[in-house]
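Pasted below: entry-v8.cif, mmCIF, C-alpha atoms.
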```cif
data_start
loop_
_atom_site.label_atom_id
_atom_site.label_comp_id
_atom_site.auth_asym_id
_atom_site.auth_seq_id
_atom_site.Cartn_x
_atom_site.Cartn_y
_atom_site.Cartn_z
CA SER V 50 44.05 -21.60 -11.28
CA ALA V 51 41.60 -22.65 -8.58
CA ALA V 52 39.74 -25.91 -8.11
CA LEU V 53 36.99 -26.91 -10.51
CA ILE V 54 33.37 -27.47 -9.55
CA GLN V 55 30.81 -29.63 -11.30
CA ALA V 56 27.54 -27.75 -11.71
CA GLY V 57 24.06 -29.16 -11.92
CA ASP V 58 24.28 -29.30 -15.72
CA GLY V 59 27.14 -31.80 -15.46
CA ASN V 60 29.75 -29.40 -16.82
CA LEU V 61 32.91 -28.28 -15.02
CA TYR V 62 33.39 -24.60 -14.18
CA GLY V 63 36.50 -22.81 -12.98
CA THR V 64 38.62 -19.68 -13.04
CA THR V 65 42.12 -18.80 -14.16
CA TYR V 66 44.18 -16.21 -12.32
CA ALA V 67 45.67 -14.85 -15.55
CA GLY V 68 45.08 -15.27 -19.28
CA GLY V 69 42.01 -14.29 -21.23
CA ALA V 70 41.53 -11.30 -23.50
CA ASN V 71 43.17 -8.92 -21.01
CA TYR V 72 45.57 -11.35 -19.32
CA LEU V 73 43.75 -10.73 -16.02
CA GLY V 74 41.93 -14.04 -15.65
CA THR V 75 38.83 -15.80 -16.88
CA VAL V 76 35.79 -17.84 -15.97
CA PHE V 77 35.46 -20.95 -18.12
CA ARG V 78 33.26 -23.99 -18.71
CA ALA V 79 34.54 -27.42 -19.73
CA THR V 80 32.56 -30.49 -20.68
CA THR V 81 33.67 -33.87 -19.35
CA ASN V 82 34.86 -34.79 -22.85
CA GLY V 83 37.15 -31.76 -23.05
CA LEU V 84 35.26 -29.00 -24.84
CA LEU V 85 36.32 -25.71 -23.23
CA THR V 86 34.48 -22.39 -23.46
CA SER V 87 35.68 -19.08 -21.99
CA LEU V 88 32.65 -17.39 -20.41
CA HIS V 89 34.21 -14.12 -19.21
CA SER V 90 37.55 -12.33 -19.45
CA PHE V 91 38.21 -9.91 -16.61
CA SER V 92 39.11 -6.36 -17.56
CA GLY V 93 40.72 -5.18 -14.33
CA THR V 94 38.23 -2.34 -13.98
CA THR V 95 34.76 -2.61 -12.44
CA ASP V 96 34.42 -6.39 -12.96
CA GLY V 97 37.65 -7.24 -11.14
CA ALA V 98 40.92 -9.00 -11.93
CA ASN V 99 42.81 -12.16 -11.03
CA PRO V 100 40.22 -14.57 -9.57
CA ALA V 101 42.13 -16.80 -7.15
CA ALA V 102 39.35 -19.01 -5.80
CA GLU V 103 36.91 -21.66 -6.93
CA LEU V 104 33.33 -20.85 -7.87
CA VAL V 105 30.24 -21.97 -5.99
CA GLN V 106 26.85 -22.80 -7.48
CA ALA V 107 24.12 -21.35 -5.29
CA SER V 108 20.59 -22.64 -4.86
CA ASP V 109 19.40 -20.27 -7.60
CA GLY V 110 21.57 -22.15 -10.13
CA ALA V 111 23.95 -19.25 -10.78
CA LEU V 112 27.70 -19.35 -10.13
CA TYR V 113 29.32 -16.97 -7.68
CA GLY V 114 32.95 -16.05 -7.18
CA THR V 115 35.52 -13.46 -6.12
CA THR V 116 38.48 -11.69 -7.68
CA TYR V 117 41.64 -10.95 -5.74
CA ARG V 118 42.19 -7.57 -7.36
CA GLY V 119 40.38 -5.11 -9.60
CA GLY V 120 37.05 -3.45 -9.03
CA THR V 121 36.43 0.20 -8.31
CA ASN V 122 39.18 0.35 -5.69
CA ASP V 123 41.49 -2.43 -6.94
CA SER V 124 40.68 -4.36 -3.75
CA GLY V 125 38.75 -7.22 -5.31
CA THR V 126 35.16 -7.98 -6.23
CA ILE V 127 32.29 -10.44 -5.79
CA PHE V 128 30.45 -11.50 -8.94
CA ARG V 129 27.69 -13.71 -10.30
CA ILE V 130 27.83 -15.49 -13.65
CA THR V 131 25.37 -17.79 -15.38
CA ALA V 132 26.17 -20.94 -17.31
CA SER V 133 25.69 -18.95 -20.52
CA GLY V 134 28.20 -16.29 -19.41
CA ALA V 135 25.88 -13.46 -18.29
CA PHE V 136 28.09 -11.57 -15.81
CA THR V 137 26.91 -9.36 -12.91
CA LEU V 138 29.13 -7.43 -10.51
CA LEU V 139 27.70 -7.73 -6.99
CA TYR V 140 30.25 -5.83 -4.88
CA SER V 141 33.58 -3.98 -5.09
CA PHE V 142 35.67 -3.98 -1.93
CA THR V 143 36.94 -0.60 -0.78
CA GLY V 144 40.03 -1.83 1.04
CA GLY V 145 38.72 -0.28 4.27
CA ALA V 146 36.53 -1.78 6.98
CA ASP V 147 34.83 -4.09 4.46
CA GLY V 148 38.12 -5.81 3.61
CA SER V 149 40.44 -6.29 0.68
CA ALA V 150 41.86 -9.11 -1.46
CA PRO V 151 39.40 -12.01 -1.18
CA HIS V 152 41.52 -15.10 -1.79
CA THR V 153 39.03 -17.90 -1.10
CA GLY V 154 35.74 -19.03 -2.55
CA LEU V 155 32.26 -18.39 -1.21
CA THR V 156 30.02 -20.73 0.80
CA GLN V 157 26.23 -20.58 0.82
CA GLY V 158 24.72 -20.68 4.30
CA THR V 159 21.42 -22.19 5.39
CA ASP V 160 19.97 -18.66 5.29
CA GLY V 161 20.63 -18.44 1.53
CA ASN V 162 23.38 -15.84 1.90
CA LEU V 163 26.94 -16.31 0.68
CA TYR V 164 29.82 -16.12 3.17
CA GLY V 165 33.51 -15.54 2.54
CA THR V 166 36.75 -13.97 3.77
CA THR V 167 39.24 -11.32 2.72
CA GLN V 168 42.94 -11.69 3.43
CA LEU V 169 43.50 -7.99 4.14
CA GLY V 170 41.60 -4.91 5.25
CA GLY V 171 38.92 -4.77 7.89
CA SER V 172 38.85 -2.61 10.97
CA TYR V 173 42.34 -3.72 12.01
CA GLY V 174 43.93 -4.61 8.68
CA PHE V 175 44.12 -8.37 9.30
CA GLY V 176 41.25 -9.52 7.06
CA THR V 177 37.53 -10.07 7.44
CA VAL V 178 34.60 -12.46 7.27
CA PHE V 179 31.70 -11.13 5.21
CA ARG V 180 28.15 -11.99 4.16
CA ILE V 181 26.47 -11.10 0.88
CA SER V 182 23.04 -11.92 -0.48
CA THR V 183 22.56 -13.22 -4.01
CA ALA V 184 21.11 -9.78 -4.78
CA GLY V 185 24.30 -8.03 -3.58
CA ALA V 186 23.39 -6.85 -0.05
CA PHE V 187 26.79 -6.85 1.68
CA ALA V 188 27.83 -6.87 5.37
CA SER V 189 31.23 -7.33 7.00
CA ILE V 190 30.53 -9.51 10.03
CA TYR V 191 34.00 -9.88 11.61
CA SER V 192 37.38 -8.13 11.45
CA PHE V 193 40.42 -10.16 12.50
CA GLY V 194 42.70 -8.41 14.96
CA ALA V 195 40.01 -7.69 17.53
CA VAL V 196 42.01 -9.79 20.05
CA THR V 197 45.72 -8.96 20.30
CA ASP V 198 48.62 -9.48 22.69
CA SER V 199 50.91 -6.78 24.08
CA ASP V 200 52.97 -6.85 20.86
CA GLY V 201 49.93 -6.30 18.66
CA VAL V 202 49.80 -9.88 17.34
CA ALA V 203 46.25 -10.78 16.30
CA LEU V 204 45.49 -13.77 18.51
CA ASP V 205 42.18 -14.37 16.76
CA GLY V 206 44.10 -14.81 13.51
CA TRP V 207 45.07 -12.98 10.37
CA LEU V 208 45.34 -13.86 6.69
CA PRO V 209 42.25 -16.12 6.41
CA ALA V 210 43.45 -19.11 4.40
CA SER V 211 40.49 -21.33 3.62
CA ARG V 212 36.99 -21.28 2.21
CA LEU V 213 34.45 -21.42 5.03
CA VAL V 214 32.97 -24.85 5.81
CA PRO V 215 29.43 -25.23 7.20
CA ALA V 216 29.59 -26.27 10.86
CA GLY V 217 25.87 -26.77 11.49
CA GLY V 218 23.42 -24.39 13.09
CA GLY V 219 24.24 -21.67 10.58
CA ALA V 220 27.90 -21.48 11.71
CA PHE V 221 31.11 -22.06 9.76
CA TYR V 222 34.66 -23.30 10.30
CA GLY V 223 37.69 -21.64 8.73
CA SER V 224 41.42 -21.14 9.22
CA THR V 225 44.00 -18.36 9.18
CA GLU V 226 47.63 -18.60 8.17
CA ALA V 227 48.85 -16.79 11.27
CA GLY V 228 47.53 -15.96 14.71
CA ALA V 229 49.08 -16.96 18.01
CA SER V 230 52.38 -16.06 16.35
CA VAL V 231 53.58 -15.27 12.85
CA PHE V 232 54.22 -18.99 12.36
CA TYR V 233 51.15 -20.60 13.95
CA GLY V 234 47.75 -20.18 12.37
CA THR V 235 44.30 -20.73 13.78
CA VAL V 236 41.21 -22.83 13.18
CA PHE V 237 38.10 -20.82 14.05
CA ARG V 238 34.33 -21.15 14.24
CA ILE V 239 32.08 -18.23 13.38
CA THR V 240 28.32 -17.84 13.50
CA GLY V 241 26.28 -16.20 10.76
CA SER V 242 25.94 -13.15 12.99
CA GLY V 243 29.71 -12.79 13.38
CA ILE V 244 30.50 -14.34 16.78
CA LEU V 245 33.97 -15.89 16.39
CA SER V 246 35.73 -18.40 18.64
CA THR V 247 39.19 -19.84 18.12
CA VAL V 248 39.05 -23.64 18.07
CA ASN V 249 42.82 -24.20 17.87
CA SER V 250 45.94 -22.08 17.35
CA GLY V 251 48.66 -24.71 17.01
CA ALA V 252 48.93 -25.52 13.29
CA ILE V 253 51.90 -24.13 11.38
CA ASP V 254 50.74 -22.22 8.30
CA PRO V 255 47.39 -23.95 7.56
CA SER V 256 46.78 -24.10 3.82
CA GLY V 257 43.67 -24.59 1.74
CA THR V 258 40.15 -25.53 2.68
CA LEU V 259 39.35 -27.56 5.77
CA ALA V 260 37.18 -30.68 5.51
CA LEU V 261 34.53 -31.56 8.08
CA ALA V 262 34.27 -35.35 8.04
CA GLY V 263 31.49 -37.65 9.15
CA ASP V 264 33.31 -38.36 12.42
CA GLY V 265 32.76 -34.73 13.46
CA ASN V 266 36.43 -33.79 13.22
CA LEU V 267 38.06 -31.18 11.00
CA TYR V 268 40.93 -32.17 8.73
CA GLY V 269 43.41 -29.87 7.03
CA THR V 270 46.93 -29.42 5.72
CA THR V 271 49.87 -27.17 6.55
CA LEU V 272 52.56 -25.91 4.18
CA ALA V 273 55.26 -26.30 6.81
CA GLY V 274 55.79 -27.97 10.16
CA GLY V 275 55.77 -31.65 11.00
CA SER V 276 58.72 -33.95 11.56
CA ASN V 277 60.55 -32.66 8.49
CA ASP V 278 59.15 -29.09 8.34
CA LEU V 279 57.69 -29.97 4.93
CA GLY V 280 54.01 -29.89 5.78
CA THR V 281 51.44 -32.08 7.46
CA VAL V 282 47.92 -33.41 7.44
CA PHE V 283 46.22 -32.62 10.74
CA GLN V 284 43.00 -33.31 12.62
CA VAL V 285 41.22 -30.90 14.95
CA THR V 286 38.43 -32.17 17.18
CA PRO V 287 35.37 -30.03 18.00
CA THR V 288 36.92 -29.39 21.43
CA GLY V 289 40.13 -28.07 19.87
CA ASP V 290 42.53 -31.00 20.24
CA LEU V 291 45.04 -31.02 17.38
CA VAL V 292 46.71 -34.22 16.16
CA THR V 293 49.31 -34.36 13.41
CA LEU V 294 48.30 -37.32 11.29
CA TYR V 295 51.05 -37.30 8.71
CA SER V 296 54.33 -35.47 8.14
CA PHE V 297 55.50 -35.17 4.56
CA THR V 298 59.08 -36.26 3.85
CA GLY V 299 59.83 -34.56 0.53
CA GLY V 300 60.38 -37.98 -1.04
CA ALA V 301 57.85 -39.95 -3.05
CA ASP V 302 55.04 -38.49 -0.91
CA GLY V 303 55.87 -34.90 -1.90
CA ALA V 304 55.89 -31.85 0.36
CA ALA V 305 54.03 -28.61 1.12
CA PRO V 306 50.36 -29.58 0.55
CA ASP V 307 48.70 -26.36 -0.52
CA SER V 308 45.23 -27.21 -1.79
CA GLY V 309 43.48 -28.29 1.40
CA LEU V 310 41.46 -31.49 1.47
CA LEU V 311 38.47 -32.77 -0.48
CA LEU V 312 36.06 -35.18 1.24
CA ALA V 313 35.07 -37.66 -1.47
CA SER V 314 32.07 -39.96 -1.70
CA ASP V 315 34.20 -42.95 -0.63
CA GLY V 316 34.72 -41.31 2.77
CA SER V 317 38.40 -40.58 2.12
CA LEU V 318 40.14 -37.21 2.00
CA TYR V 319 42.21 -36.25 -1.03
CA GLY V 320 44.82 -33.54 -1.48
CA THR V 321 47.86 -32.47 -3.49
CA THR V 322 51.41 -31.33 -2.75
CA SER V 323 53.21 -28.45 -4.43
CA TRP V 324 56.87 -28.29 -3.32
CA PRO V 325 59.01 -27.70 -6.45
CA GLY V 326 61.95 -29.66 -5.03
CA ALA V 327 59.89 -32.84 -4.57
CA PRO V 328 57.46 -34.87 -6.69
CA ARG V 329 54.04 -33.24 -7.13
CA THR V 330 51.67 -35.82 -5.66
CA ILE V 331 48.02 -36.64 -5.11
CA PHE V 332 47.42 -38.34 -1.77
CA ARG V 333 44.57 -39.98 0.09
CA ILE V 334 43.84 -40.04 3.82
CA THR V 335 40.93 -42.06 5.19
CA THR V 336 38.76 -40.30 7.75
CA ALA V 337 38.06 -43.33 9.91
CA SER V 338 41.80 -43.93 10.04
CA ALA V 339 44.09 -41.07 9.44
CA ALA V 340 47.14 -43.03 8.34
CA LEU V 341 47.91 -46.44 6.91
CA LEU V 342 50.93 -48.56 7.83
CA ARG V 343 51.53 -51.60 5.67
CA ASN V 344 53.94 -54.45 6.30
CA ALA V 345 53.40 -57.05 3.62
CA ALA V 346 56.10 -59.37 4.93
CA GLN V 347 54.36 -59.56 8.28
CA THR V 348 50.92 -59.78 6.63
CA ALA V 349 49.37 -57.24 8.96
CA SER V 350 48.43 -53.60 8.63
CA LEU V 351 47.24 -50.83 10.89
CA HIS V 352 44.58 -48.39 9.72
CA LEU V 353 44.38 -45.85 12.49
CA ASP V 354 43.23 -42.51 13.88
CA GLY V 355 46.35 -40.60 14.87
CA SER V 356 50.08 -41.34 14.80
CA ALA V 357 51.28 -44.89 15.30
CA SER V 358 54.19 -47.28 14.94
CA ALA V 359 54.50 -50.99 14.33
CA THR V 360 57.33 -53.38 15.19
CA ALA V 361 57.61 -57.18 14.98
CA ALA V 362 58.87 -59.26 17.90
CA GLY V 363 58.10 -62.66 19.40
CA GLY V 364 55.73 -63.66 16.61
CA ASN V 365 53.58 -60.54 17.10
CA LEU V 366 53.16 -57.21 15.40
CA HIS V 367 53.25 -54.64 18.22
CA LEU V 368 51.11 -51.58 17.49
CA THR V 369 51.04 -48.25 19.33
CA ILE V 370 48.38 -45.56 18.90
CA SER V 371 48.48 -42.00 20.20
CA THR V 372 45.35 -41.09 22.19
CA VAL V 373 43.43 -38.16 23.61
CA ALA V 374 42.76 -38.41 27.36
CA GLY V 375 39.23 -39.51 28.17
CA ARG V 376 38.25 -40.41 24.61
CA SER V 377 36.86 -43.90 24.00
CA TYR V 378 38.24 -45.83 21.03
CA ILE V 379 37.20 -48.98 19.19
CA VAL V 380 39.79 -51.10 17.38
CA GLU V 381 38.28 -52.99 14.44
CA GLN V 382 39.74 -55.56 12.07
CA ASN V 383 38.89 -56.70 8.56
CA THR V 384 40.45 -58.81 5.81
CA THR V 385 40.17 -55.92 3.32
CA LEU V 386 39.89 -52.13 3.36
CA ALA V 387 36.28 -52.31 2.18
CA SER V 388 33.72 -50.10 3.93
CA ARG V 389 31.87 -53.16 5.27
CA GLY V 390 32.89 -56.24 7.20
CA TRP V 391 34.71 -54.58 10.09
CA VAL V 392 34.44 -56.43 13.43
CA ILE V 393 35.51 -55.27 16.89
CA TYR V 394 38.99 -56.46 17.93
CA THR V 395 39.17 -54.54 21.22
CA ASN V 396 38.18 -51.20 22.76
CA PHE V 397 39.81 -48.86 25.24
CA VAL V 398 39.77 -45.38 26.79
CA GLY V 399 42.72 -43.11 25.99
CA ASP V 400 44.82 -41.55 28.73
CA GLY V 401 46.64 -38.96 26.63
CA SER V 402 49.67 -41.16 26.02
CA VAL V 403 49.82 -44.20 23.72
CA PHE V 404 47.84 -47.43 23.69
CA ARG V 405 49.77 -50.61 22.85
CA PHE V 406 48.58 -54.02 21.72
CA ALA V 407 50.07 -57.03 19.94
CA VAL V 408 48.68 -58.81 16.89
CA PRO V 409 49.77 -62.42 16.20
CA LEU V 410 51.46 -62.75 12.80
CA GLY V 411 50.93 -65.43 10.19
CA LYS V 412 47.13 -65.40 10.02
CA GLY V 413 46.85 -63.84 6.57
CA PRO V 414 46.42 -60.19 5.58
CA ARG V 415 44.51 -58.19 8.14
CA PHE V 416 43.72 -54.54 8.50
CA PHE V 417 43.11 -52.72 11.76
CA ARG V 418 41.52 -49.34 12.24
CA VAL V 419 40.78 -47.18 15.25
CA ARG V 420 37.80 -44.87 15.54
CA PRO V 421 36.25 -42.82 18.35
CA LYS V 422 33.48 -44.70 20.13
#
```

In structure tokens, write the structure found in this file.
Amino acid sequence: SAALIQAGDGNLYGTTYAGGANYLGTVFRATTNGLLTSLHSFSGTTDGANPAAELVQASDGALYGTTYRGGTNDSGTIFRITASGAFTLLYSFTGGADGSAPHTGLTQGTDGNLYGTTQLGGSYGFGTVFRISTAGAFASIYSFGAVTDSDGVALDGWLPASRLVPAGGGAFYGSTEAGASVFYGTVFRITGSGILSTVNSGAIDPSGTLALAGDGNLYGTTLAGGSNDLGTVFQVTPTGDLVTLYSFTGGADGAAPDSGLLLASDGSLYGTTSWPGAPRTIFRITTASAALLRNAAQTASLHLDGSASATAAGGNLHLTISTVAGRSYIVEQNTTLASRGWVIYTNFVGDGSVFRFAVPLGKGPRFFRVRPK
């Protein structure tokens, strides 16, 4: 099943990939006290089958979604459903130039249209980005595979992996599971008119929806890669710099985060892991500081943007922070992790290597964070 959404009526709405009257998936409503109502059971014919993505509530109050299969050509559909269960088919994919197998949810743009992706189909068979009005007027605006190398690898990406995220100015960010190679996916930016640019092509198997945080950076997860090849949390700057913020170990932290990241009202990012050989976990990453290192015995902590290490020697806690060349950073300290009360400890300009500084121990619990200036 896909992620839930809370609609304007306060209820939770979602989809199931299977189950229902025909075992081909459902749309359901649940109250916050646990009363569940099935609103629609997919038949596998014109309405579609196997919805794999979350719903979105558009400005007209209706809910919109996609099915991975079914429809006139068994290539997936786009539908609208009301809170009372009134269902309308908006579009059936043909599996040709318009795409096939939509696997992610829709996003409403500033123009009122809904935007989404298909994993397959398109002019080159590598998936598409499409636009559809709430009345059902459909247009395919980009086909992945337009840029290839001599071996036919789609350098602009293939297998779109995430719901599109508004990027401002009517544009969107998204990701693909593969691109520069079979193993490395892409993060891309696309305008409402279909002009696509690759922001980065260095993340191994990006998974789930990206999150655009208040610091202007994109955050996401990968199913593989990292120090242990068990998945990562990464950051991509608007200029395309990629930083691995955390590598999963397969221990208590889990492995293979597959749901993407949710930016919550507390400013933190939340996600889940899915690896069957490790604990299934829910984790939090703060956007102002991508990782948290605690050392209770030394009564000091580092809350930082990027990878870091901490060692104790000579009465000090020695901290190192990876940097991007030319970027200005501010190091702040606080006695708690509250959102207020941070004061400047020092500031510096990165040179692309690591910045080191020492914190005297024994002055009570302190927290340090690094943020772009």

Write out as JSON an axis-aligned box for region 206-223 of chain V: all of its atoms listed in the file, 6 Å added on each side, centre and edge lengths in Å with one decimal.
```
{"center_x": 34.4, "center_y": -19.9, "center_z": 7.9, "size_x": 33.9, "size_y": 25.8, "size_z": 23.3}
```

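Taking CA of Gly219 (chain V) and CA of Gly251 (chain V) as endpoints, the distance between them is 25.4 Å.
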
Show me the residues around (46.9, -23.0, 16.5) - criterion: an atom at most 6 Å away, only C-alpha atoms counted - as an mmCIF file with C-alpha atoms, in the coordinates of the input.
```cif
data_model
loop_
_atom_site.group_PDB
_atom_site.id
_atom_site.type_symbol
_atom_site.label_atom_id
_atom_site.label_comp_id
_atom_site.auth_asym_id
_atom_site.auth_seq_id
_atom_site.Cartn_x
_atom_site.Cartn_y
_atom_site.Cartn_z
ATOM 1 C CA TYR V 233 51.150 -20.600 13.950
ATOM 2 C CA GLY V 234 47.750 -20.180 12.370
ATOM 3 C CA THR V 235 44.300 -20.730 13.780
ATOM 4 C CA ASN V 249 42.820 -24.200 17.870
ATOM 5 C CA SER V 250 45.940 -22.080 17.350
ATOM 6 C CA GLY V 251 48.660 -24.710 17.010
ATOM 7 C CA ALA V 252 48.930 -25.520 13.290
#
```

Worksheet item: Applied to the shown file, which residues does the PyMOL selection byres ((chain V and resi 258) around 7) return, written as a VMD selection string?
Response: chain V and resid 211 to 212 256 to 257 259 to 260 269 308 to 310

Save the residues we just selected, C-alpha atoms, as a tab-separated table (two decimals), keeping the file's coordinate frame?
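And here is the file that came out, out13.tsv:
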```tsv
chain	number	residue	atom	x	y	z
V	211	SER	CA	40.49	-21.33	3.62
V	212	ARG	CA	36.99	-21.28	2.21
V	256	SER	CA	46.78	-24.10	3.82
V	257	GLY	CA	43.67	-24.59	1.74
V	259	LEU	CA	39.35	-27.56	5.77
V	260	ALA	CA	37.18	-30.68	5.51
V	269	GLY	CA	43.41	-29.87	7.03
V	308	SER	CA	45.23	-27.21	-1.79
V	309	GLY	CA	43.48	-28.29	1.40
V	310	LEU	CA	41.46	-31.49	1.47
```

Item to complete: Run the PyMOL selection byres ((chain V and resi 74-77) around 8) on the file and write out the hits as a PyMOL selection string.
Response: chain V and resi 62-69+71-73+78-79+85-91+98-100

Item to complete: Work out how far apart CA of Tyr164 (chain V) and CA of Ala203 (chain V) are and give it in Å to one decimal.
Response: 21.7 Å

Worksheet item: CA of Thr167 (chain V) and CA of Leu61 (chain V) are how many Å apart?
Response: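 Separating CA of Thr167 (chain V) from CA of Leu61 (chain V) is a distance of 25.3 Å.
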
Item to complete: Mind listing whatever residues come within 12 Å of the point (39.2, -5.5, -7.8)? Use only C-alpha atoms, file coordinates, and give them as number ranges by chain.
Response: V: 73-74, 91-101, 115-128, 138-144, 148-152

Worksheet item: Applied to the shown file, which residues does the PyMOL selection byres ((chain V and resi 159) around 10) return, written as JSON, numbers by chain?
Response: {"V": [156, 157, 158, 160, 161, 162, 163, 215, 217, 218, 219, 220, 241]}

Item to complete: Find the residues around Leu272 (chain V) up to 10 Å (only C-alpha atoms counted), leave out those fewer than 2 positions away in its own chain, and share them as a list in words.
Response: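 Once the nearby chain positions are removed, what remains is Glu226, Ala252, Ile253, Asp254, Pro255, Ser256, Gly257, Thr270, Gly274, Gly275, Asp278, Leu279, Gly280, Thr281, Val282, Phe297, Ala304, Ala305, Pro306, Asp307, Ser308, Gly309, Thr322, Ser323 and Trp324 of chain V.
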
Practice prompt. Rank nothing, just name the residue among V:Asn277, V:Ser246, V:Thr286, V:Thr166 nearest to Ala195 (chain V), using all atoms listed in the file.
Written response: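 Of all the options, V:Ser246 lies closest to Ala195 (chain V).
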